[in-house]
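Structure data follow from upload_3.cif (mmCIF, C-alpha atoms and all ligand atoms):
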data_coords
#
loop_
_atom_site.label_atom_id
_atom_site.label_comp_id
_atom_site.auth_asym_id
_atom_site.auth_seq_id
_atom_site.Cartn_x
_atom_site.Cartn_y
_atom_site.Cartn_z
CA MET E 11 8.44 -14.65 18.10
CA ILE E 12 7.40 -11.18 16.92
CA LYS E 13 3.81 -10.43 17.91
CA VAL E 14 1.66 -8.91 15.15
CA ILE E 15 -1.52 -6.84 15.48
CA ILE E 16 -3.66 -6.71 12.33
CA ALA E 17 -5.84 -3.64 11.70
CA GLY E 18 -8.90 -4.18 9.53
CA ALA E 19 -8.49 -7.88 10.22
CA THR E 20 -11.55 -8.97 8.24
CA GLY E 21 -10.90 -6.81 5.15
CA ARG E 22 -9.67 -8.18 1.81
CA MET E 23 -6.04 -7.53 2.75
CA GLY E 24 -6.40 -8.17 6.49
CA ARG E 25 -7.46 -11.76 5.76
CA ARG E 26 -4.49 -12.49 3.48
CA VAL E 27 -2.07 -10.77 5.88
CA ALA E 28 -3.33 -13.14 8.60
CA HIS E 29 -2.45 -16.08 6.37
CA MET E 30 1.04 -14.77 5.52
CA VAL E 31 1.79 -13.92 9.16
CA GLY E 32 0.89 -17.55 9.97
CA GLU E 33 3.32 -18.78 7.29
CA HIS E 34 6.21 -16.57 8.47
CA PRO E 35 8.74 -18.36 10.71
CA ARG E 36 9.33 -15.33 12.98
CA LEU E 37 5.83 -13.85 13.21
CA GLU E 38 2.91 -14.73 15.45
CA TYR E 39 -0.65 -13.39 15.00
CA ALA E 40 -1.29 -11.78 18.41
CA ALA E 41 -4.32 -9.50 18.05
CA ALA E 42 -6.97 -8.31 15.62
CA PHE E 43 -9.26 -5.29 15.59
CA GLU E 44 -11.89 -3.53 13.54
CA ALA E 45 -13.73 -0.21 13.83
CA THR E 46 -16.89 0.39 15.87
CA GLY E 47 -19.87 -1.03 14.00
CA ASN E 48 -18.01 -3.85 12.26
CA LEU E 49 -20.18 -6.96 12.35
CA HIS E 50 -17.27 -9.28 13.19
CA ILE E 51 -16.24 -7.65 16.49
CA GLY E 52 -16.28 -10.27 19.27
CA ARG E 53 -15.84 -13.21 16.91
CA ASP E 54 -12.85 -15.57 16.89
CA VAL E 55 -10.70 -14.54 13.90
CA GLY E 56 -9.58 -18.11 13.15
CA GLU E 57 -13.14 -19.38 13.13
CA LEU E 58 -14.11 -16.58 10.77
CA LEU E 59 -11.20 -16.99 8.35
CA THR E 60 -10.54 -20.74 8.34
CA GLY E 61 -13.31 -22.35 10.42
CA THR E 62 -10.82 -23.30 13.18
CA ARG E 63 -10.72 -21.45 16.52
CA SER E 64 -7.54 -19.40 17.12
CA GLY E 65 -8.28 -17.84 20.50
CA ILE E 66 -7.85 -14.38 18.95
CA VAL E 67 -11.01 -12.34 19.34
CA ILE E 68 -11.61 -9.38 17.02
CA ARG E 69 -11.60 -6.33 19.27
CA LYS E 70 -13.01 -2.83 18.84
CA GLY E 71 -10.28 -0.26 18.10
CA LEU E 72 -6.50 -0.26 18.36
CA GLU E 73 -6.40 0.99 21.96
CA ALA E 74 -7.93 -2.30 23.13
CA VAL E 75 -4.98 -4.32 21.74
CA ILE E 76 -1.95 -2.04 21.37
CA ASP E 77 -0.18 -3.59 24.35
CA GLN E 78 -0.53 -7.10 22.92
CA GLY E 79 1.85 -6.72 19.95
CA ASP E 80 5.27 -5.58 18.75
CA VAL E 81 4.17 -4.43 15.31
CA LEU E 82 0.94 -3.24 13.71
CA ILE E 83 0.08 -4.08 10.09
CA ASP E 84 -2.44 -1.69 8.57
CA PHE E 85 -4.49 -2.03 5.39
CA THR E 86 -7.57 0.06 6.23
CA PHE E 87 -8.52 3.62 5.25
CA HIS E 88 -6.31 6.72 5.26
CA LYS E 89 -8.07 8.57 8.12
CA ALA E 90 -7.96 5.49 10.35
CA THR E 91 -4.34 4.83 9.38
CA MET E 92 -3.27 8.25 10.63
CA GLU E 93 -5.05 7.69 13.96
CA PHE E 94 -3.28 4.34 14.33
CA ALA E 95 0.09 5.91 13.45
CA ARG E 96 -0.36 8.57 16.14
CA LEU E 97 -1.15 5.89 18.72
CA ALA E 98 1.68 3.60 17.58
CA ALA E 99 4.10 6.53 17.82
CA ARG E 100 2.88 7.33 21.36
CA HIS E 101 3.44 3.69 22.39
CA GLY E 102 6.71 3.31 20.42
CA LYS E 103 5.28 0.32 18.49
CA ALA E 104 6.53 -0.51 14.99
CA MET E 105 4.07 -0.20 12.10
CA VAL E 106 3.68 -1.33 8.48
CA ILE E 107 1.33 0.83 6.41
CA GLY E 108 -0.08 -0.50 3.15
CA THR E 109 -3.14 1.76 3.07
CA THR E 110 -3.20 4.11 0.08
CA GLY E 111 -4.87 7.49 -0.38
CA LEU E 112 -2.57 9.22 2.15
CA SER E 113 -2.31 12.94 1.32
CA PRO E 114 1.00 14.84 1.15
CA GLU E 115 0.00 16.33 4.55
CA ASN E 116 -0.54 12.80 5.94
CA LEU E 117 2.89 11.75 4.68
CA ALA E 118 4.52 14.84 6.20
CA GLU E 119 2.88 14.07 9.55
CA LEU E 120 3.99 10.44 9.28
CA LYS E 121 7.58 11.58 8.74
CA GLU E 122 7.34 13.71 11.90
CA LEU E 123 5.71 10.89 13.90
CA SER E 124 8.40 8.45 12.76
CA ARG E 125 10.84 10.17 15.10
CA SER E 126 9.03 8.11 17.78
CA PHE E 127 8.55 4.75 16.01
CA PRO E 128 9.92 2.71 13.11
CA CYS E 129 7.43 2.63 10.24
CA VAL E 130 7.40 1.12 6.75
CA GLN E 131 4.97 2.82 4.38
CA SER E 132 4.49 1.76 0.76
CA PRO E 133 1.58 1.88 -1.69
CA ASN E 134 2.61 -1.53 -2.93
CA MET E 135 4.30 -4.33 -0.96
CA SER E 136 4.92 -6.60 -3.95
CA ILE E 137 8.54 -7.24 -4.89
CA CYS E 138 7.77 -7.09 -8.63
CA VAL E 139 6.01 -3.74 -8.32
CA ASN E 140 8.94 -2.31 -6.37
CA VAL E 141 11.24 -3.43 -9.19
CA LEU E 142 8.77 -1.81 -11.62
CA PHE E 143 9.05 1.50 -9.69
CA LYS E 144 12.80 1.43 -10.26
CA LEU E 145 12.42 0.45 -13.92
CA ALA E 146 10.00 3.33 -14.47
CA LYS E 147 12.60 5.84 -13.31
CA LYS E 148 15.48 4.25 -15.21
CA THR E 149 13.48 3.85 -18.43
CA ALA E 150 12.25 7.44 -18.31
CA ALA E 151 15.83 8.64 -17.82
CA VAL E 152 17.13 6.60 -20.79
CA LEU E 153 14.31 7.52 -23.20
CA GLY E 154 14.11 11.16 -22.12
CA ASP E 155 11.79 13.88 -23.35
CA ASP E 156 11.11 12.37 -26.81
CA TYR E 157 8.85 9.70 -25.31
CA ASP E 158 5.35 10.39 -23.98
CA ILE E 159 4.73 8.76 -20.60
CA GLU E 160 1.26 7.43 -19.71
CA ILE E 161 0.09 5.18 -16.85
CA ILE E 162 -2.97 2.92 -16.86
CA GLU E 163 -4.21 1.15 -13.73
CA ALA E 164 -7.12 -1.25 -13.24
CA HIS E 165 -8.68 -2.43 -9.95
CA HIS E 166 -11.80 -4.05 -8.50
CA ASN E 167 -15.07 -2.15 -8.15
CA ARG E 168 -14.81 -1.91 -4.32
CA LYS E 169 -11.65 0.22 -4.36
CA LYS E 170 -12.25 3.63 -2.78
CA ASP E 171 -9.26 5.70 -3.95
CA ALA E 172 -8.24 6.69 -7.47
CA PRO E 173 -5.77 6.71 -9.00
CA SER E 174 -4.17 3.85 -7.12
CA GLY E 175 -1.30 4.64 -4.79
CA THR E 176 0.89 2.49 -7.01
CA ALA E 177 0.02 4.51 -10.13
CA LEU E 178 0.88 7.73 -8.31
CA LYS E 179 4.22 6.32 -7.18
CA LEU E 180 4.95 5.13 -10.74
CA GLY E 181 4.25 8.66 -11.95
CA GLU E 182 6.57 10.13 -9.31
CA MET E 183 9.35 7.70 -10.22
CA ALA E 184 9.03 8.33 -13.98
CA ALA E 185 8.87 12.10 -13.45
CA ALA E 186 12.04 11.95 -11.34
CA GLY E 187 13.75 10.06 -14.19
CA VAL E 188 13.16 13.00 -16.56
CA ASN E 189 13.71 15.70 -13.93
CA ARG E 190 10.09 16.79 -13.75
CA ASN E 191 8.00 17.53 -10.69
CA PHE E 192 5.15 14.99 -10.89
CA SER E 193 2.54 17.29 -9.35
CA ASP E 194 3.30 19.90 -12.08
CA VAL E 195 2.89 17.48 -15.01
CA ALA E 196 0.31 14.89 -13.85
CA VAL E 197 -2.95 14.78 -15.84
CA PHE E 198 -5.69 12.73 -14.19
CA GLU E 199 -8.58 13.35 -16.57
CA ARG E 200 -9.13 14.10 -20.24
CA ASN E 201 -12.67 15.01 -21.16
CA GLY E 202 -13.95 17.39 -23.84
CA ILE E 203 -11.80 19.72 -25.97
CA VAL E 204 -8.65 19.37 -23.92
CA GLY E 205 -6.29 20.43 -26.72
CA GLU E 206 -3.17 18.69 -27.86
CA ARG E 207 -1.17 16.69 -25.37
CA LYS E 208 1.60 18.79 -23.84
CA PRO E 209 4.98 17.08 -24.26
CA HIS E 210 5.76 16.96 -20.56
CA GLU E 211 2.41 15.58 -19.39
CA ILE E 212 2.26 12.31 -17.51
CA GLY E 213 -1.28 10.98 -17.88
CA ILE E 214 -2.92 8.53 -15.47
CA GLN E 215 -6.08 6.61 -16.33
CA SER E 216 -8.05 4.47 -13.86
CA ILE E 217 -10.30 1.51 -14.64
CA ARG E 218 -12.62 0.05 -11.97
CA ALA E 219 -14.28 -3.26 -12.81
CA ALA E 220 -15.50 -6.43 -11.09
CA ASP E 221 -12.80 -8.37 -9.21
CA ILE E 222 -9.58 -7.16 -10.87
CA VAL E 223 -6.94 -7.52 -8.14
CA GLY E 224 -4.57 -4.85 -9.44
CA GLU E 225 -2.91 -4.08 -12.78
CA HIS E 226 -0.47 -1.32 -13.71
CA THR E 227 1.07 -0.39 -17.05
CA ILE E 228 3.49 2.42 -17.71
CA LEU E 229 3.99 3.19 -21.37
CA PHE E 230 6.68 5.18 -23.10
CA ALA E 231 5.57 6.14 -26.62
CA GLY E 232 7.91 7.67 -29.17
CA PRO E 233 7.77 8.13 -32.92
CA GLY E 234 6.94 4.78 -34.52
CA GLU E 235 7.29 2.61 -31.41
CA ARG E 236 6.32 2.24 -27.80
CA LEU E 237 7.49 0.34 -24.76
CA GLU E 238 4.93 -0.90 -22.23
CA ILE E 239 5.92 -2.34 -18.87
CA SER E 240 3.11 -4.05 -16.97
CA HIS E 241 2.49 -5.74 -13.65
CA ARG E 242 -0.57 -7.90 -13.05
CA ALA E 243 -1.43 -9.24 -9.61
CA HIS E 244 -2.90 -12.75 -9.69
CA SER E 245 -3.95 -12.57 -6.03
CA ARG E 246 -3.43 -10.39 -2.94
CA ASP E 247 -0.93 -12.85 -1.48
CA HIS E 248 2.21 -11.14 -2.74
CA PHE E 249 1.08 -7.84 -1.15
CA ALA E 250 0.39 -9.68 2.12
CA LYS E 251 3.69 -11.56 2.00
CA GLY E 252 5.53 -8.26 1.46
CA ALA E 253 3.75 -6.80 4.50
CA ALA E 254 4.78 -9.79 6.64
CA THR E 255 8.39 -9.44 5.45
CA ALA E 256 8.26 -5.73 6.28
CA ALA E 257 6.85 -6.45 9.77
CA ALA E 258 9.71 -8.82 10.62
CA TRP E 259 12.20 -6.26 9.28
CA VAL E 260 10.83 -3.05 10.82
CA VAL E 261 10.87 -4.24 14.45
CA GLU E 262 14.68 -4.33 14.23
CA GLN E 263 15.05 -0.78 12.87
CA GLU E 264 15.71 2.56 14.53
CA CYS E 265 12.83 5.03 14.62
CA GLY E 266 12.22 6.45 11.12
CA LEU E 267 10.09 6.24 8.01
CA TYR E 268 11.09 3.48 5.59
CA SER E 269 9.82 2.16 2.26
CA MET E 270 9.77 -1.27 0.66
CA PHE E 271 12.97 -0.25 -1.15
CA ASP E 272 14.63 -0.35 2.28
CA VAL E 273 13.00 -3.65 3.25
CA LEU E 274 13.91 -5.33 -0.07
CA GLY E 275 17.39 -3.80 -0.36
CA LEU E 276 16.44 -1.98 -3.58
CA GLN E 277 17.44 1.52 -2.51
CA ASP E 278 20.57 1.49 -4.73
CA PHE E 279 19.09 -0.53 -7.62
N1 LIG Y 301 0.30 -1.46 -0.19
C1 LIG Y 301 -0.20 -2.53 -0.80
O1 LIG Y 301 0.53 -3.44 -1.24
C2 LIG Y 301 -1.69 -2.67 -0.92
C3 LIG Y 301 -2.50 -1.67 -0.45
N2 LIG Y 301 -3.84 -1.82 -0.43
C4 LIG Y 301 -4.61 -0.77 0.22
O2 LIG Y 301 -5.08 -1.26 1.47
C5 LIG Y 301 -6.29 -0.59 1.82
C6 LIG Y 301 -7.35 -1.63 2.19
O3 LIG Y 301 -7.69 -2.38 1.05
P1 LIG Y 301 -8.71 -3.60 1.14
O4 LIG Y 301 -8.20 -4.62 2.10
O5 LIG Y 301 -9.02 -3.99 -0.25
O6 LIG Y 301 -9.99 -2.86 1.78
P2 LIG Y 301 -11.18 -3.49 2.63
O7 LIG Y 301 -12.26 -2.47 2.63
O8 LIG Y 301 -11.49 -4.87 2.16
O9 LIG Y 301 -10.57 -3.62 4.10
C7 LIG Y 301 -10.36 -2.53 4.95
C8 LIG Y 301 -10.62 -3.00 6.36
O10 LIG Y 301 -10.29 -1.96 7.25
C9 LIG Y 301 -11.38 -1.79 8.15
N3 LIG Y 301 -11.42 -0.44 8.71
C10 LIG Y 301 -11.83 0.71 8.15
N4 LIG Y 301 -11.72 1.71 9.03
C11 LIG Y 301 -11.24 1.18 10.17
C12 LIG Y 301 -10.94 1.70 11.47
N5 LIG Y 301 -11.11 2.99 11.79
N6 LIG Y 301 -10.47 0.84 12.43
C13 LIG Y 301 -10.28 -0.47 12.15
N7 LIG Y 301 -10.57 -1.02 10.95
C14 LIG Y 301 -11.03 -0.21 9.98
C15 LIG Y 301 -12.62 -2.12 7.31
O11 LIG Y 301 -13.74 -2.37 8.13
P3 LIG Y 301 -15.22 -2.03 7.61
O12 LIG Y 301 -15.49 -2.99 6.51
O13 LIG Y 301 -16.05 -2.24 8.85
O14 LIG Y 301 -15.18 -0.60 7.14
C16 LIG Y 301 -12.11 -3.35 6.60
O15 LIG Y 301 -12.19 -4.51 7.40
C17 LIG Y 301 -6.63 0.30 0.63
O16 LIG Y 301 -6.15 1.60 0.89
C18 LIG Y 301 -5.84 -0.31 -0.52
O17 LIG Y 301 -5.55 0.58 -1.54
C19 LIG Y 301 -4.45 -2.94 -0.91
C20 LIG Y 301 -3.70 -3.94 -1.44
C21 LIG Y 301 -2.25 -3.89 -1.49
O1 LIG Y 302 -6.95 -1.36 -3.37
C1 LIG Y 302 -6.30 -2.31 -3.85
O2 LIG Y 302 -6.81 -3.42 -4.06
C2 LIG Y 302 -4.88 -2.09 -4.16
N1 LIG Y 302 -4.35 -0.96 -3.81
C3 LIG Y 302 -3.00 -0.57 -3.94
C4 LIG Y 302 -2.87 0.76 -4.66
O3 LIG Y 302 -3.75 1.62 -4.52
O4 LIG Y 302 -1.87 0.96 -5.34
C5 LIG Y 302 -2.09 -1.66 -4.41
C6 LIG Y 302 -2.71 -2.76 -5.22
O5 LIG Y 302 -2.67 -2.44 -6.57
C7 LIG Y 302 -4.09 -3.18 -4.76
#
Could you quickly redo this structure as C-alpha cells?
Amino acid sequence: MIKVIIAGATGRMGRRVAHMVGEHPRLEYAAAFEATGNLHIGRDVGELLTGTRSGIVIRKGLEAVIDQGDVLIDFTFHKATMEFARLAARHGKAMVIGTTGLSPENLAELKELSRSFPCVQSPNMSICVNVLFKLAKKTAAVLGDDYDIEIIEAHHNRKKDAPSGTALKLGEMAAAGVNRNFSDVAVFERNGIVGERKPHEIGIQSIRAADIVGEHTILFAGPGERLEISHRAHSRDHFAKGAATAAAWVVEQECGLYSMFDVLGLQDF
C-alpha cells in the first residue's frame, strides 16, 4: 500500500481527502499534521472526522511525520505549501499540491525543486474542470478575436485567494487559444469610468458568498449570441478524489512537475 501524509488534515479539503484516501484501493492514510497553534494537534484524526479511533494522531508540522509516508497531499496555504515542497524535495518524497494562490515565483521554484521529487500541482483536481480547461482553449481558438472572453467564479465566504486558481488557469488556457499572453490582457476589476472594453481583454469577476463550493463560467460573447460553459461543484469530493488518484499516480513517476492533464491522460486532448 502507498502511505499518504495529509497536510492541513482538519481543513475543508483535508477532511474529504482523508475520506477518498480511505476509499482508494492502493492508498493508506499514514499520517496527519497541522500547523503550530491548531486546536486539533494531539487528537486522533479518525475520532475527529468520523467518531471512530484510527490510531493516527494529528502532529505538529511536516518534519514530525515526513518519514512515515510515501506521498504528501497538500491543501493548505501557499506559504506553507512552499515550505512543505522544499522539505519533500530534500527527502525525495512525492507530493500532490492542490493549494491555490501560488505566485509565478512560487511556481518557478517548484519547477526547480521538482528535479528532486515527483510533484503534481493543479488548481483544480476535478476531471470535469480539467476537461473545461481544454474546452476553454479549443473554443477560444475556434471563435477567435470576434468573441469577447469573460470568466466568472463563485466560492464560499471563507476562501482566502481571489480570483480562484481555476479561474486564472481558465484565463491562461483561453488566452493561449487566441495567441494572447494572459498577464497582458487580464482585467481583474472594473470600477468607475473604465472606458470601453478593449477587444483583447479577458475579464475575471469573483463572487464570495456563504457556502458555495465552487463555480466557474467562461463566456464567449459575439454579435447577437454568446456561448457559456460552466462547471458547478456539488461537493468537495471530486477534488479530493482527484487528489487521491494523483497521489497513487505520482509515486510511480520520475522526478518532475506534473499537472492533472498528465494524471488524467488529457495532455493531447
Ligand atoms: N486544487 C483543487 O482541486 C482545490 C484546491 N483548493 C485549495 O486548497 C486550499 C485549502 O482550501 P480549504 O481546505 O478550503 O482551506 P481550509 O482553511 O479549510 O484548510 C486549510 C488547512 O490547512 C491548514 N494549514 C494552514 N497552514 C498550515 C501549515 N503551515 N501547516 C499545516 N497546516 C496548515 C489549516 O489550519 P488552520 O485552520 O489552523 O490554519 C487548515 O486545516 C486553498 O488554497 C484552496 O483554494 C480547494 C479545493 C479544491
Ligand atoms: O478554495 C476553494 O474552495 C477552491 N479552490 C480552488 C480554486 O481556487 O480554484 C478550486 C475549487 O474551485 C475550490
(request) Please extract the residues at most 8 Å from ligand LIG 301 (chain Y), counting all atoms listed in the file, and provide them as a ChimeraX atom specification, using the chain letters and residue numbers of this document. (result) /E:17-24,43-49,70-72,84-91,93,107-111,131-136,168-171,174-176,246,249-250,252-253
(message) Please determine, counting all atoms listed in the file, which residue among E:Lys179, E:Ile239, E:Ala219, E:Ser269 has the shortest atom-to-atom distance to ligand LIG 302 (chain Y).
(response)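 Smallest distance to ligand LIG 302 (chain Y) is found for E:Lys179.
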(message) What's the separation between CA of Ile222 (chain E) and CA of Asn167 (chain E), in Å to one decimal place?
(response)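 CA of Ile222 (chain E) sits 7.9 Å away from CA of Asn167 (chain E).
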(request) Taking the point (-5.7, -15.2, 5.2) as given in the file, collect each protein or nucleic acid residue that comes within 12 Å of it, counting all atoms listed in the file, and present the set as a PyMOL selection string. (result) chain E and resi 16+19-33+39+55-61+245-251+254
Using only C-alpha atoms, list the residues that have an atom at most 8 Å from (-1.7, 11.0, 13.3), coordinates as in the file, as a PDB file with C-alpha atoms, keeping the file's coordinate frame.
ATOM      1  CA  THR E  91      -4.340   4.830   9.380  1.00  0.00           C
ATOM      2  CA  MET E  92      -3.270   8.250  10.630  1.00  0.00           C
ATOM      3  CA  GLU E  93      -5.050   7.690  13.960  1.00  0.00           C
ATOM      4  CA  PHE E  94      -3.280   4.340  14.330  1.00  0.00           C
ATOM      5  CA  ALA E  95       0.090   5.910  13.450  1.00  0.00           C
ATOM      6  CA  ARG E  96      -0.360   8.570  16.140  1.00  0.00           C
ATOM      7  CA  LEU E  97      -1.150   5.890  18.720  1.00  0.00           C
ATOM      8  CA  ASN E 116      -0.540  12.800   5.940  1.00  0.00           C
ATOM      9  CA  GLU E 119       2.880  14.070   9.550  1.00  0.00           C
ATOM     10  CA  LEU E 120       3.990  10.440   9.280  1.00  0.00           C
ATOM     11  CA  LEU E 123       5.710  10.890  13.900  1.00  0.00           C
TER      12      LEU E 123
END
(request) Using CA of Ser240 (chain E) and CA of Leu142 (chain E) as the two end points, give the distance in Å to one decimal. (result)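 Rounded to one decimal, the two atoms are 8.1 Å apart.
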(request) Tell me which of E:Ile217, E:Ala256, E:Ala150, E:Val197 sits closest to ligand LIG 302 (chain Y), counting all atoms listed in the file. (result)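 Among the listed residues, the smallest separation from ligand LIG 302 (chain Y) belongs to E:Ile217.
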Build an axis-aligned box that encloses every atom of ligand LIG 302 (chain Y) listed in the file, pad it by 4 Å on each side, and report its centre and edge lengths in Å to one decimal, as lines of an AutoDock Vina configuration file.
center_x = -4.4
center_y = -0.9
center_z = -5.0
size_x = 13.1
size_y = 13.0
size_z = 11.2
(request) Kindly indicate which residue among E:His165, E:Lys208, E:Arg36, E:Lys147 lies nearest to ligand LIG 302 (chain Y), using all atoms listed in the file for the distances. (result) E:His165
(message) Could you tell me how far CA of Val81 (chain E) sits from CA of Ala41 (chain E), in Å to one decimal place?
(response)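 Between these atoms lies a distance of 10.3 Å.
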(request) May I ask which of the residues E:Asn140, E:Gly65, E:Val14, E:Met183 is the closest one to Gln78 (chain E), counting only C-alpha atoms? (result)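 Among the listed residues, E:Val14 lies closest to Gln78 (chain E).
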(message) When you count all atoms listed in the file, which of these residues is closest to ligand LIG 302 (chain Y): E:Ala258, E:Leu237, E:Ala177, E:Ala185?
(response) E:Ala177
(message) Could you check the closest approach to His226 (chain E) for each of E:Asp80, E:Glu163, E:Glu264, E:Asp194 and tell me which residue wins, using only C-alpha atoms?
(response)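 Among the listed residues, the smallest separation from His226 (chain E) belongs to E:Glu163.
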(request) Considering only C-alpha atoms, return as a list in words whatever protein or nucleic-acid residues lie within 9 Å of Ile162 (chain E), sequence-local ones (same chain, fewer than 3 positions apart) excluded. (result)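 Here the answer would be Ala177, Gly213, Ile214, Gln215, Ser216, Ile217, Glu225, His226, Thr227, Ile228 and Leu229 of chain E.
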